[in-house]
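> So that you have it, the file is protein-v3.pdb, and it contains PDB, C-alpha atoms, pLDDT in the B column:
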```pdb
ATOM      1  CA  MET A   1      20.648 -13.447 -70.062  1.00 72.00           C
ATOM      2  CA  ILE A   2      20.586 -15.219 -66.720  1.00 78.00           C
ATOM      3  CA  LYS A   3      22.798 -12.533 -65.176  1.00 74.00           C
ATOM      4  CA  LYS A   4      20.588  -9.742 -66.538  1.00 75.00           C
ATOM      5  CA  PHE A   5      17.501 -11.527 -65.296  1.00 76.00           C
ATOM      6  CA  GLY A   6      19.056 -11.778 -61.829  1.00 77.00           C
ATOM      7  CA  ASN A   7      19.965  -8.089 -61.829  1.00 76.00           C
ATOM      8  CA  TYR A   8      16.452  -7.100 -62.913  1.00 76.00           C
ATOM      9  CA  LEU A   9      14.959  -9.370 -60.269  1.00 78.00           C
ATOM     10  CA  LEU A  10      17.130  -7.775 -57.590  1.00 77.00           C
ATOM     11  CA  ALA A  11      16.268  -4.259 -58.757  1.00 76.00           C
ATOM     12  CA  GLY A  12      12.579  -5.094 -58.829  1.00 78.00           C
ATOM     13  CA  THR A  13      12.769  -6.568 -55.344  1.00 77.00           C
ATOM     14  CA  ILE A  14      14.395  -3.401 -54.004  1.00 76.00           C
ATOM     15  CA  VAL A  15      11.652  -1.276 -55.591  1.00 74.00           C
ATOM     16  CA  ALA A  16       8.782  -3.527 -54.486  1.00 76.00           C
ATOM     17  CA  LEU A  17      10.013  -4.295 -50.963  1.00 75.00           C
ATOM     18  CA  PRO A  18       8.849  -1.051 -49.260  1.00 75.00           C
ATOM     19  CA  LEU A  19       5.389  -1.350 -50.858  1.00 76.00           C
ATOM     20  CA  THR A  20       5.173  -5.047 -49.981  1.00 78.00           C
ATOM     21  CA  VAL A  21       6.097  -4.437 -46.339  1.00 78.00           C
ATOM     22  CA  THR A  22       3.590  -1.569 -46.149  1.00 79.00           C
ATOM     23  CA  LEU A  23       0.797  -3.760 -47.532  1.00 78.00           C
ATOM     24  CA  PHE A  24       1.789  -6.562 -45.172  1.00 80.00           C
ATOM     25  CA  VAL A  25       1.533  -4.225 -42.175  1.00 78.00           C
ATOM     26  CA  ILE A  26      -1.871  -2.938 -43.331  1.00 77.00           C
ATOM     27  CA  VAL A  27      -3.221  -6.460 -43.868  1.00 76.00           C
ATOM     28  CA  PHE A  28      -1.817  -7.534 -40.493  1.00 78.00           C
ATOM     29  CA  LEU A  29      -3.529  -4.637 -38.732  1.00 76.00           C
ATOM     30  CA  VAL A  30      -6.852  -5.209 -40.507  1.00 74.00           C
ATOM     31  CA  ARG A  31      -6.873  -8.935 -39.739  1.00 74.00           C
ATOM     32  CA  ASN A  32      -5.625  -8.762 -36.156  1.00 77.00           C
ATOM     33  CA  ILE A  33      -7.219  -5.497 -35.028  1.00 77.00           C
ATOM     34  CA  GLY A  34     -10.069  -4.744 -37.424  1.00 73.00           C
ATOM     35  CA  ALA A  35     -11.717  -8.171 -37.332  1.00 74.00           C
ATOM     36  CA  PRO A  36     -11.902  -8.455 -33.496  1.00 79.00           C
ATOM     37  CA  VAL A  37     -13.026  -4.836 -33.167  1.00 77.00           C
ATOM     38  CA  SER A  38     -15.764  -5.470 -35.734  1.00 75.00           C
ATOM     39  CA  GLN A  39     -17.095  -8.261 -33.562  1.00 73.00           C
ATOM     40  CA  LEU A  40     -17.138  -5.975 -30.520  1.00 74.00           C
ATOM     41  CA  LEU A  41     -18.492  -2.799 -32.104  1.00 73.00           C
ATOM     42  CA  PHE A  42     -20.601  -3.703 -35.105  1.00 72.00           C
ATOM     43  CA  ALA A  43     -21.851  -7.223 -34.359  1.00 72.00           C
ATOM     44  CA  PRO A  44     -24.335  -5.997 -31.680  1.00 73.00           C
ATOM     45  CA  ILE A  45     -25.620  -3.320 -34.075  1.00 72.00           C
ATOM     46  CA  PHE A  46     -26.185  -5.823 -36.892  1.00 70.00           C
ATOM     47  CA  ARG A  47     -27.898  -8.269 -34.506  1.00 69.00           C
ATOM     48  CA  ARG A  48     -30.235  -5.536 -33.351  1.00 70.00           C
ATOM     49  CA  PHE A  49     -31.462  -5.115 -36.913  1.00 66.00           C
ATOM     50  CA  ASP A  50     -31.518  -8.902 -37.496  1.00 66.00           C
ATOM     51  CA  ALA A  51     -28.753  -8.606 -40.088  1.00 64.00           C
ATOM     52  CA  ALA A  52     -25.695 -10.769 -40.559  1.00 63.00           C
ATOM     53  CA  LEU A  53     -22.295  -9.223 -40.008  1.00 62.00           C
ATOM     54  CA  PRO A  54     -20.332  -9.308 -43.324  1.00 63.00           C
ATOM     55  CA  SER A  55     -17.346 -11.592 -42.907  1.00 62.00           C
ATOM     56  CA  ALA A  56     -16.128 -11.996 -46.494  1.00 61.00           C
ATOM     57  CA  GLY A  57     -15.857 -10.070 -49.711  1.00 62.00           C
ATOM     58  CA  LEU A  58     -15.714  -6.321 -50.053  1.00 69.00           C
ATOM     59  CA  GLY A  59     -18.292  -5.824 -47.299  1.00 66.00           C
ATOM     60  CA  GLY A  60     -16.234  -7.690 -44.712  1.00 68.00           C
ATOM     61  CA  LEU A  61     -13.015  -5.983 -45.831  1.00 72.00           C
ATOM     62  CA  ALA A  62     -14.606  -2.520 -45.650  1.00 77.00           C
ATOM     63  CA  LEU A  63     -16.003  -3.256 -42.194  1.00 75.00           C
ATOM     64  CA  ASP A  64     -12.656  -4.530 -40.879  1.00 76.00           C
ATOM     65  CA  LEU A  65     -10.890  -1.517 -42.379  1.00 79.00           C
ATOM     66  CA  ALA A  66     -13.360   0.843 -40.698  1.00 81.00           C
ATOM     67  CA  SER A  67     -12.875  -1.006 -37.415  1.00 80.00           C
ATOM     68  CA  THR A  68      -9.099  -0.663 -37.748  1.00 81.00           C
ATOM     69  CA  ILE A  69      -9.445   3.089 -38.263  1.00 84.00           C
ATOM     70  CA  VAL A  70     -11.706   3.322 -35.201  1.00 82.00           C
ATOM     71  CA  ALA A  71      -9.178   1.362 -33.115  1.00 81.00           C
ATOM     72  CA  LEU A  72      -6.285   3.566 -34.258  1.00 82.00           C
ATOM     73  CA  CYS A  73      -8.303   6.701 -33.477  1.00 84.00           C
ATOM     74  CA  PHE A  74      -9.047   5.331 -30.022  1.00 81.00           C
ATOM     75  CA  ILE A  75      -5.349   4.606 -29.419  1.00 78.00           C
ATOM     76  CA  THR A  76      -4.476   8.130 -30.607  1.00 83.00           C
ATOM     77  CA  LEU A  77      -7.086   9.595 -28.280  1.00 79.00           C
ATOM     78  CA  LEU A  78      -5.688   7.537 -25.427  1.00 74.00           C
ATOM     79  CA  GLY A  79      -2.228   8.929 -26.144  1.00 73.00           C
ATOM     80  CA  ALA A  80      -3.581  12.470 -26.157  1.00 77.00           C
ATOM     81  CA  LEU A  81      -5.469  11.962 -22.889  1.00 72.00           C
ATOM     82  CA  SER A  82      -2.363  10.504 -21.251  1.00 67.00           C
ATOM     83  CA  LYS A  83      -0.919  14.025 -21.246  1.00 70.00           C
ATOM     84  CA  PHE A  84      -3.551  15.135 -18.719  1.00 70.00           C
ATOM     85  CA  PHE A  85      -3.138  14.541 -14.998  1.00 63.00           C
ATOM     86  CA  PHE A  86      -6.567  12.982 -14.412  1.00 63.00           C
ATOM     87  CA  ALA A  87      -6.153  10.611 -17.352  1.00 64.00           C
ATOM     88  CA  ARG A  88      -2.730   9.543 -16.069  1.00 67.00           C
ATOM     89  CA  ILE A  89      -4.327   8.663 -12.724  1.00 74.00           C
ATOM     90  CA  LEU A  90      -6.915   6.472 -14.478  1.00 72.00           C
ATOM     91  CA  ILE A  91      -4.198   4.783 -16.562  1.00 71.00           C
ATOM     92  CA  GLY A  92      -2.177   4.161 -13.407  1.00 74.00           C
ATOM     93  CA  ILE A  93      -5.195   2.583 -11.685  1.00 79.00           C
ATOM     94  CA  SER A  94      -5.819   0.385 -14.732  1.00 77.00           C
ATOM     95  CA  GLU A  95      -2.189  -0.727 -14.835  1.00 77.00           C
ATOM     96  CA  SER A  96      -2.289  -1.519 -11.121  1.00 80.00           C
ATOM     97  CA  ALA A  97      -5.373  -3.691 -11.643  1.00 80.00           C
ATOM     98  CA  ILE A  98      -3.781  -5.511 -14.576  1.00 78.00           C
ATOM     99  CA  ASN A  99      -0.580  -6.132 -12.618  1.00 76.00           C
ATOM    100  CA  ARG A 100      -2.587  -7.907  -9.921  1.00 80.00           C
ATOM    101  CA  ILE A 101      -3.905 -10.519 -12.363  1.00 81.00           C
ATOM    102  CA  PRO A 102      -1.720 -13.680 -12.109  1.00 80.00           C
ATOM    103  CA  GLY A 103       0.144 -14.378 -15.335  1.00 74.00           C
ATOM    104  CA  VAL A 104      -1.369 -11.428 -17.192  1.00 74.00           C
ATOM    105  CA  GLY A 105       0.413  -8.961 -14.920  1.00 74.00           C
ATOM    106  CA  LEU A 106       3.789 -10.587 -15.622  1.00 77.00           C
ATOM    107  CA  VAL A 107       3.274 -10.408 -19.389  1.00 76.00           C
ATOM    108  CA  TYR A 108       2.050  -6.809 -19.155  1.00 75.00           C
ATOM    109  CA  ARG A 109       5.020  -5.673 -17.046  1.00 75.00           C
ATOM    110  CA  THR A 110       7.508  -7.377 -19.368  1.00 74.00           C
ATOM    111  CA  VAL A 111       6.038  -5.861 -22.529  1.00 74.00           C
ATOM    112  CA  LYS A 112       5.720  -2.428 -20.907  1.00 72.00           C
ATOM    113  CA  GLN A 113       9.348  -2.504 -19.791  1.00 69.00           C
ATOM    114  CA  ILE A 114      10.516  -3.345 -23.312  1.00 65.00           C
ATOM    115  CA  VAL A 115       8.357  -0.630 -24.857  1.00 66.00           C
ATOM    116  CA  ASP A 116       9.476   1.962 -22.299  1.00 65.00           C
ATOM    117  CA  THR A 117      13.117   1.080 -22.884  1.00 59.00           C
ATOM    118  CA  PHE A 118      12.955   1.699 -26.616  1.00 58.00           C
ATOM    119  CA  SER A 119      10.412   4.527 -26.659  1.00 57.00           C
ATOM    120  CA  LYS A 120      11.337   8.102 -27.440  1.00 50.00           C
ATOM    121  CA  GLN A 121      10.528   9.163 -23.894  1.00 45.00           C
ATOM    122  CA  ASN A 122      13.320   6.943 -22.580  1.00 46.00           C
ATOM    123  CA  LYS A 123      16.143   7.491 -25.048  1.00 52.00           C
ATOM    124  CA  ALA A 124      18.262   8.564 -22.075  1.00 56.00           C
ATOM    125  CA  VAL A 125      18.516   4.868 -21.150  1.00 72.00           C
ATOM    126  CA  PHE A 126      21.205   4.700 -23.833  1.00 82.00           C
ATOM    127  CA  GLN A 127      23.691   7.272 -22.602  1.00 83.00           C
ATOM    128  CA  SER A 128      26.244   7.013 -25.406  1.00 90.00           C
ATOM    129  CA  VAL A 129      27.441   4.872 -28.306  1.00 93.00           C
ATOM    130  CA  VAL A 130      30.625   2.858 -27.939  1.00 95.00           C
ATOM    131  CA  MET A 131      32.753   0.458 -29.955  1.00 95.00           C
ATOM    132  CA  LEU A 132      34.256  -2.572 -28.268  1.00 95.00           C
ATOM    133  CA  GLU A 133      35.931  -5.852 -29.096  1.00 94.00           C
ATOM    134  CA  PHE A 134      33.100  -8.400 -29.181  1.00 93.00           C
ATOM    135  CA  PRO A 135      32.549 -11.359 -29.254  1.00 91.00           C
ATOM    136  CA  ARG A 136      36.320 -11.846 -29.218  1.00 90.00           C
ATOM    137  CA  ALA A 137      39.499  -9.807 -29.513  1.00 90.00           C
ATOM    138  CA  GLY A 138      40.039  -8.478 -33.030  1.00 91.00           C
ATOM    139  CA  LEU A 139      36.330  -8.213 -33.851  1.00 94.00           C
ATOM    140  CA  TYR A 140      34.420  -5.010 -33.148  1.00 94.00           C
ATOM    141  CA  ALA A 141      30.779  -4.330 -32.305  1.00 94.00           C
ATOM    142  CA  VAL A 142      28.703  -1.239 -31.641  1.00 94.00           C
ATOM    143  CA  GLY A 143      27.021  -1.023 -28.255  1.00 94.00           C
ATOM    144  CA  PHE A 144      25.140   1.392 -26.012  1.00 93.00           C
ATOM    145  CA  VAL A 145      26.243   2.436 -22.551  1.00 92.00           C
ATOM    146  CA  THR A 146      23.288   2.084 -20.185  1.00 88.00           C
ATOM    147  CA  SER A 147      24.911   2.810 -16.829  1.00 84.00           C
ATOM    148  CA  GLU A 148      27.979   2.301 -14.689  1.00 82.00           C
ATOM    149  CA  ALA A 149      27.968  -1.046 -12.909  1.00 79.00           C
ATOM    150  CA  GLN A 150      27.284  -0.909  -9.184  1.00 80.00           C
ATOM    151  CA  GLY A 151      27.110  -3.146  -6.181  1.00 81.00           C
ATOM    152  CA  GLU A 152      28.574  -6.630  -6.220  1.00 85.00           C
ATOM    153  CA  ILE A 153      29.616  -6.574  -9.880  1.00 81.00           C
ATOM    154  CA  GLN A 154      31.634  -3.395  -9.427  1.00 81.00           C
ATOM    155  CA  GLU A 155      33.244  -4.605  -6.208  1.00 83.00           C
ATOM    156  CA  ARG A 156      34.231  -8.047  -7.479  1.00 85.00           C
ATOM    157  CA  THR A 157      35.849  -6.771 -10.684  1.00 84.00           C
ATOM    158  CA  GLY A 158      38.139  -4.398  -8.827  1.00 80.00           C
ATOM    159  CA  GLU A 159      37.925  -1.740 -11.564  1.00 84.00           C
ATOM    160  CA  ILE A 160      35.465   0.699 -13.130  1.00 87.00           C
ATOM    161  CA  VAL A 161      33.041  -1.414 -15.150  1.00 90.00           C
ATOM    162  CA  VAL A 162      30.350  -0.119 -17.485  1.00 91.00           C
ATOM    163  CA  ASN A 163      27.114  -1.846 -18.470  1.00 92.00           C
ATOM    164  CA  VAL A 164      26.925  -2.062 -22.263  1.00 94.00           C
ATOM    165  CA  PHE A 165      24.005  -3.345 -24.323  1.00 93.00           C
ATOM    166  CA  VAL A 166      25.129  -4.892 -27.628  1.00 94.00           C
ATOM    167  CA  PRO A 167      22.028  -5.265 -29.852  1.00 91.00           C
ATOM    168  CA  THR A 168      21.562  -7.853 -32.576  1.00 90.00           C
ATOM    169  CA  THR A 169      20.995  -7.132 -36.271  1.00 88.00           C
ATOM    170  CA  PRO A 170      18.451  -6.395 -37.670  1.00 83.00           C
ATOM    171  CA  ASN A 171      16.319  -6.651 -34.506  1.00 82.00           C
ATOM    172  CA  PRO A 172      17.806  -4.310 -31.878  1.00 83.00           C
ATOM    173  CA  THR A 173      15.274  -5.297 -29.208  1.00 79.00           C
ATOM    174  CA  SER A 174      17.367  -8.390 -28.456  1.00 85.00           C
ATOM    175  CA  GLY A 175      21.050  -8.498 -27.672  1.00 90.00           C
ATOM    176  CA  PHE A 176      23.655  -9.004 -24.972  1.00 93.00           C
ATOM    177  CA  LEU A 177      24.264  -7.210 -21.694  1.00 92.00           C
ATOM    178  CA  ILE A 178      27.990  -7.226 -21.024  1.00 92.00           C
ATOM    179  CA  MET A 179      30.048  -5.555 -18.316  1.00 92.00           C
ATOM    180  CA  VAL A 180      33.143  -3.956 -19.819  1.00 92.00           C
ATOM    181  CA  PRO A 181      36.053  -2.096 -18.177  1.00 91.00           C
ATOM    182  CA  LYS A 182      35.698   1.543 -19.166  1.00 90.00           C
ATOM    183  CA  GLY A 183      39.252   1.596 -20.500  1.00 90.00           C
ATOM    184  CA  ASP A 184      38.334  -1.034 -23.109  1.00 93.00           C
ATOM    185  CA  LEU A 185      35.604   1.113 -24.668  1.00 93.00           C
ATOM    186  CA  THR A 186      35.976   3.558 -27.547  1.00 94.00           C
ATOM    187  CA  TYR A 187      33.308   6.240 -27.287  1.00 94.00           C
ATOM    188  CA  LEU A 188      31.896   7.219 -30.693  1.00 93.00           C
ATOM    189  CA  ASP A 189      30.578  10.581 -31.867  1.00 91.00           C
ATOM    190  CA  MET A 190      27.490   9.159 -33.607  1.00 90.00           C
ATOM    191  CA  THR A 191      24.111   9.599 -31.965  1.00 89.00           C
ATOM    192  CA  VAL A 192      21.971   6.790 -30.603  1.00 87.00           C
ATOM    193  CA  GLY A 193      19.597   7.241 -33.566  1.00 86.00           C
ATOM    194  CA  ASP A 194      22.432   6.967 -36.108  1.00 89.00           C
ATOM    195  CA  ALA A 195      23.768   3.876 -34.374  1.00 90.00           C
ATOM    196  CA  MET A 196      20.297   2.298 -34.484  1.00 88.00           C
ATOM    197  CA  LYS A 197      20.101   2.924 -38.239  1.00 88.00           C
ATOM    198  CA  LEU A 198      23.509   1.299 -38.659  1.00 89.00           C
ATOM    199  CA  ILE A 199      22.450  -1.771 -36.686  1.00 89.00           C
ATOM    200  CA  ILE A 200      18.984  -2.210 -38.193  1.00 87.00           C
ATOM    201  CA  SER A 201      20.322  -1.873 -41.745  1.00 86.00           C
ATOM    202  CA  GLY A 202      23.036  -4.430 -41.103  1.00 86.00           C
ATOM    203  CA  GLY A 203      25.738  -1.849 -41.814  1.00 87.00           C
ATOM    204  CA  ALA A 204      24.188  -0.644 -45.087  1.00 86.00           C
ATOM    205  CA  VAL A 205      23.334   2.794 -43.651  1.00 85.00           C
ATOM    206  CA  VAL A 206      26.522   4.333 -42.287  1.00 87.00           C
ATOM    207  CA  PRO A 207      26.265   7.764 -40.598  1.00 86.00           C
ATOM    208  CA  LYS A 208      28.475  10.485 -41.980  1.00 85.00           C
ATOM    209  CA  TRP A 209      31.467  11.499 -39.871  1.00 83.00           C
ATOM    210  CA  THR A 210      33.573  14.607 -40.432  1.00 79.00           C
ATOM    211  CA  GLY A 211      35.977  14.136 -37.535  1.00 73.00           C
ATOM    212  CA  ALA A 212      38.595  12.077 -39.387  1.00 55.00           C
ATOM    213  CA  GLY A 213      41.772  11.826 -37.389  1.00 49.00           C
ATOM    214  CA  SER A 214      40.142  12.526 -34.035  1.00 49.00           C
ATOM    215  CA  LYS A 215      39.215   9.969 -31.434  1.00 49.00           C
ATOM    216  CA  ARG A 216      37.133  10.336 -28.332  1.00 47.00           C
ATOM    217  CA  LEU A 217      38.665   8.393 -25.468  1.00 46.00           C
ATOM    218  CA  PRO A 218      36.883   6.809 -22.493  1.00 47.00           C
ATOM    219  CA  ALA A 219      35.974   9.225 -19.730  1.00 45.00           C
ATOM    220  CA  GLU A 220      38.831   8.359 -17.424  1.00 44.00           C
ATOM    221  CA  LYS A 221      41.400   8.930 -20.206  1.00 42.00           C
ATOM    222  CA  GLU A 222      40.110  12.289 -21.397  1.00 41.00           C
ATOM    223  CA  GLY A 223      42.145  15.322 -20.562  1.00 38.00           C
TER     224      GLY A 223
END
```
Output the file's structure as structure tokens, nothing else.


Amino acid sequence: MIKKFGNYLLAGTIVALPLTVTLFVIVFLVRNIGAPVSQLLFAPIFRRFDAALPSAGLGGLALDLASTIVALCFITLLGALSKFFFARILIGISESAINRIPGVGLVYRTVKQIVDTFSKQNKAVFQSVVMLEFPRAGLYAVGFVTSEAQGEIQERTGEIVVNVFVPTTPNPTSGFLIMVPKGDLTYLDMTVGDAMKLIISGGAVVPKWTGAGSKRLPAEKEG
């Protein structure tokens, strides 16, 4: 009975987890976006009519939900306008002003760099997927080639060294930057997207591979 109960509990968790995460995200957005936006947009309107802004119950929830929708529409509109030249100039001016604010500019630049690195527009940052021995010989990890090392690092190693980002599981936004001799890397056929799925799922989602028996060698060994 205990074993069956455990199996049912696990099955129920698997079924309920996507819905639970979805509800959590919605509640998070409503509380952290809808509530502040309600204070900015609707509070002045309610004060003008000498009415109190609903802050609890169904009225407060409906107002925060409406504010969240307004905020998301505004963000979508901002994304659409960013495609136009004039709008890009305005965004650039705004970013320049924010960057000049002490403290705030540092936080903004850091967050923007992280977002740009992992956004679809900058997938080329990860040039290819590799397998390497990490964190010690005999253990293997999946990493992403970002570039070929240059300058002092390349000169002091005395060989061709490649910059490889090894992300952590299940959060790929953190990880390790390691410099690896190109000859120690095994270049994989999987795409960056497939490798991300593998990492985020903790190895549960493995991309299909039909090239059994073949092996892509590092660039200097090909041919």

> Closest to Asp64 in chain A among A:Gly92, A:Pro172, A:Gly203, A:Gly34, using all atoms listed in the file?

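Of A:Gly92, A:Pro172, A:Gly203, A:Gly34, the one nearest Asp64 in chain A, counting all atoms listed in the file, is A:Gly34.
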
> I'd like to see the residues matched by the PyMOL selection byres ((chain A and resi 132) around 8) on this file, and ideally I'd get them as a ChimeraX atom specification.

/A:130-131,133-134,140-143,184-186

> Leaving out range 157-166 of chain A and any residue of its chain fewer than 5 positions from it, which residues lie within 6 Å of it when counting all atoms listed in the file, given as a PyMOL selection string?

chain A and resi 143-149+175-182

> Could you tell me how far CA of Val27 in chain A lies from CA of Val70 in chain A, in Å and to one decimal?

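So the answer is 15.6 Å.
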
> Name every residue that the PyMOL selection byres ((chain A and resi 29) around 10) selects in this structure, writing the answer as a PyMOL selection string with chains first and numbers rising.

chain A and resi 23-28+30-35+64-65+68-69+71-72

> Which of these residues is nearest to Val111 in chain A, using only C-alpha atoms: A:Ala137, A:Ala195, A:Thr173, A:Leu78?

A:Thr173

> Which residue gives the smallest distance to Gly193 in chain A among A:Pro102, A:Thr210, A:Gly151, A:Ser128, with all atoms listed in the file counted?

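Looking only at the distances to Gly193 in chain A, the closest residue turns out to be A:Ser128.
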